[in-house]
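Visitor: This is the structure I want to talk about, given as structure tokens.
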Amino acid sequence: MAEETIFSKIIRKEIPSDIVYQDDLVTAFRDISPRAPSHILIVPNKLIPTVNDVTEDDELMMGRMFSVARRLAREEGIDKDGYRLIVNCNAHGGQEVYHIHMHLLGGKPFGPLVVSLDD
Ligand code: AMP
């Protein structure tokens, strides 16, 4: 059984957060440390620690994460200019919170994704 993170408390509204969307499968809230003018985290209500833990049973929920990203991008007014979706996995992916989440980032240009092979 995976250990809960702060995101479970946010989903259950046990601690304050800026929730912008919630349904039966996912919750979306503003990142506490925004890296862009729009920075929203889209999180499954069910605790799944990393992408490595996703199963076929989760496919509906994973699809919902993309649908909600599209909807929120439109609501944030960033859909036309564009945005970036990021899912980090484990240490080398830079994951800090072990409850899967999709970052929706927009409101400024990011340019091409550059990953240095030397880092
Ligand atoms: P990652 O590095 O992909 O695991 O991203 C974790 C993200 O969660 C970071 O961008 C943090 O700023 C964000 N975060 C951590 N705690 C909170 C919180 N209480 N409310 C909103 N965002 C949070």
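Each chain in the structure tokens gets a letter, A, B, ..., in the order shown, and its residues are numbered from 1; ligands are numbered from 1 in order too.
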Using only C-alpha atoms and all ligand atoms, find each residue in chain A having at least one atom no more than 12 Å away from ligand 1; report its shortest atom-to-atom pair and that distance in Å (one decimal), rows by chain then rising number, as a Markdown table.

Guide:
```
| residue | atom | partner | partner_atom_place_in_ligand_line | distance |
| --- | --- | --- | --- | --- |
| A:Thr5 | CA | ligand 1 | 16 (N) | 9.1 |
| A:Ile6 | CA | ligand 1 | 19 (N) | 6.2 |
| A:Phe7 | CA | ligand 1 | 19 (N) | 6.9 |
| A:Ser8 | CA | ligand 1 | 19 (N) | 10.1 |
| A:Lys9 | CA | ligand 1 | 19 (N) | 8.9 |
| A:Ile10 | CA | ligand 1 | 19 (N) | 7.3 |
| A:Ile11 | CA | ligand 1 | 20 (N) | 10.4 |
| A:Lys13 | CA | ligand 1 | 19 (N) | 11.3 |
| A:Glu14 | CA | ligand 1 | 19 (N) | 11.2 |
| A:Ile15 | CA | ligand 1 | 19 (N) | 8.2 |
| A:Pro16 | CA | ligand 1 | 19 (N) | 8.0 |
| A:Ser17 | CA | ligand 1 | 20 (N) | 6.0 |
| A:Asp18 | CA | ligand 1 | 21 (C) | 7.8 |
| A:Ile19 | CA | ligand 1 | 21 (C) | 9.2 |
| A:Val20 | CA | ligand 1 | 21 (C) | 11.7 |
| A:Thr27 | CA | ligand 1 | 21 (C) | 11.6 |
| A:Ala28 | CA | ligand 1 | 21 (C) | 9.7 |
| A:Phe29 | CA | ligand 1 | 21 (C) | 6.7 |
| A:Arg30 | CA | ligand 1 | 21 (C) | 5.9 |
| A:Asp31 | CA | ligand 1 | 22 (N) | 3.8 |
| A:Ile32 | CA | ligand 1 | 21 (C) | 3.9 |
| A:Ser33 | CA | ligand 1 | 12 (O) | 4.3 |
| A:Pro34 | CA | ligand 1 | 12 (O) | 6.6 |
| A:Arg35 | CA | ligand 1 | 10 (O) | 7.6 |
| A:Ala36 | CA | ligand 1 | 10 (O) | 10.5 |
| A:Ser38 | CA | ligand 1 | 10 (O) | 12.0 |
| A:His39 | CA | ligand 1 | 10 (O) | 8.4 |
| A:Ile40 | CA | ligand 1 | 22 (N) | 8.3 |
| A:Leu41 | CA | ligand 1 | 22 (N) | 7.2 |
| A:Ile42 | CA | ligand 1 | 8 (O) | 10.3 |
| A:Val43 | CA | ligand 1 | 8 (O) | 10.3 |
| A:Pro49 | CA | ligand 1 | 4 (O) | 10.1 |
| A:Thr50 | CA | ligand 1 | 4 (O) | 9.6 |
| A:Val51 | CA | ligand 1 | 3 (O) | 11.4 |
| A:Leu85 | CA | ligand 1 | 3 (O) | 10.8 |
| A:Ile86 | CA | ligand 1 | 3 (O) | 7.7 |
| A:Val87 | CA | ligand 1 | 3 (O) | 6.3 |
| A:Asn88 | CA | ligand 1 | 3 (O) | 4.9 |
| A:Cys89 | CA | ligand 1 | 3 (O) | 7.5 |
| A:Asn90 | CA | ligand 1 | 4 (O) | 8.4 |
| A:Ala91 | CA | ligand 1 | 2 (O) | 9.2 |
| A:His92 | CA | ligand 1 | 2 (O) | 10.6 |
| A:Gly93 | CA | ligand 1 | 3 (O) | 8.0 |
| A:Gly94 | CA | ligand 1 | 2 (O) | 5.3 |
| A:Gln95 | CA | ligand 1 | 4 (O) | 3.7 |
| A:Glu96 | CA | ligand 1 | 4 (O) | 3.4 |
| A:Val97 | CA | ligand 1 | 4 (O) | 4.0 |
| A:Tyr98 | CA | ligand 1 | 4 (O) | 6.5 |
| A:His99 | CA | ligand 1 | 4 (O) | 7.8 |
| A:Ile100 | CA | ligand 1 | 4 (O) | 7.8 |
| A:His101 | CA | ligand 1 | 3 (O) | 6.8 |
| A:Met102 | CA | ligand 1 | 3 (O) | 7.6 |
| A:His103 | CA | ligand 1 | 3 (O) | 7.1 |
| A:Leu104 | CA | ligand 1 | 10 (O) | 10.3 |
| A:Leu105 | CA | ligand 1 | 10 (O) | 10.4 |
```

Visitor: In chain A, what's strand (DSSP E) per DSSP? Answer as a PyMOL selection string?

Guide: chain A and resi 19-22+26-30+38-44+83-86+102-106

Visitor: Figure out the distance between atom CA of A:Gly77 and atom CA of A:Val115, please, to one decimal in Å.

Guide: 27.8 Å

Visitor: What's around A:Met65 at 7 Å? Count only C-alpha atoms, leave out sequence neighbours fewer than 3 positions away in its own chain, and write the answer as a count of residues only.

Guide: 6
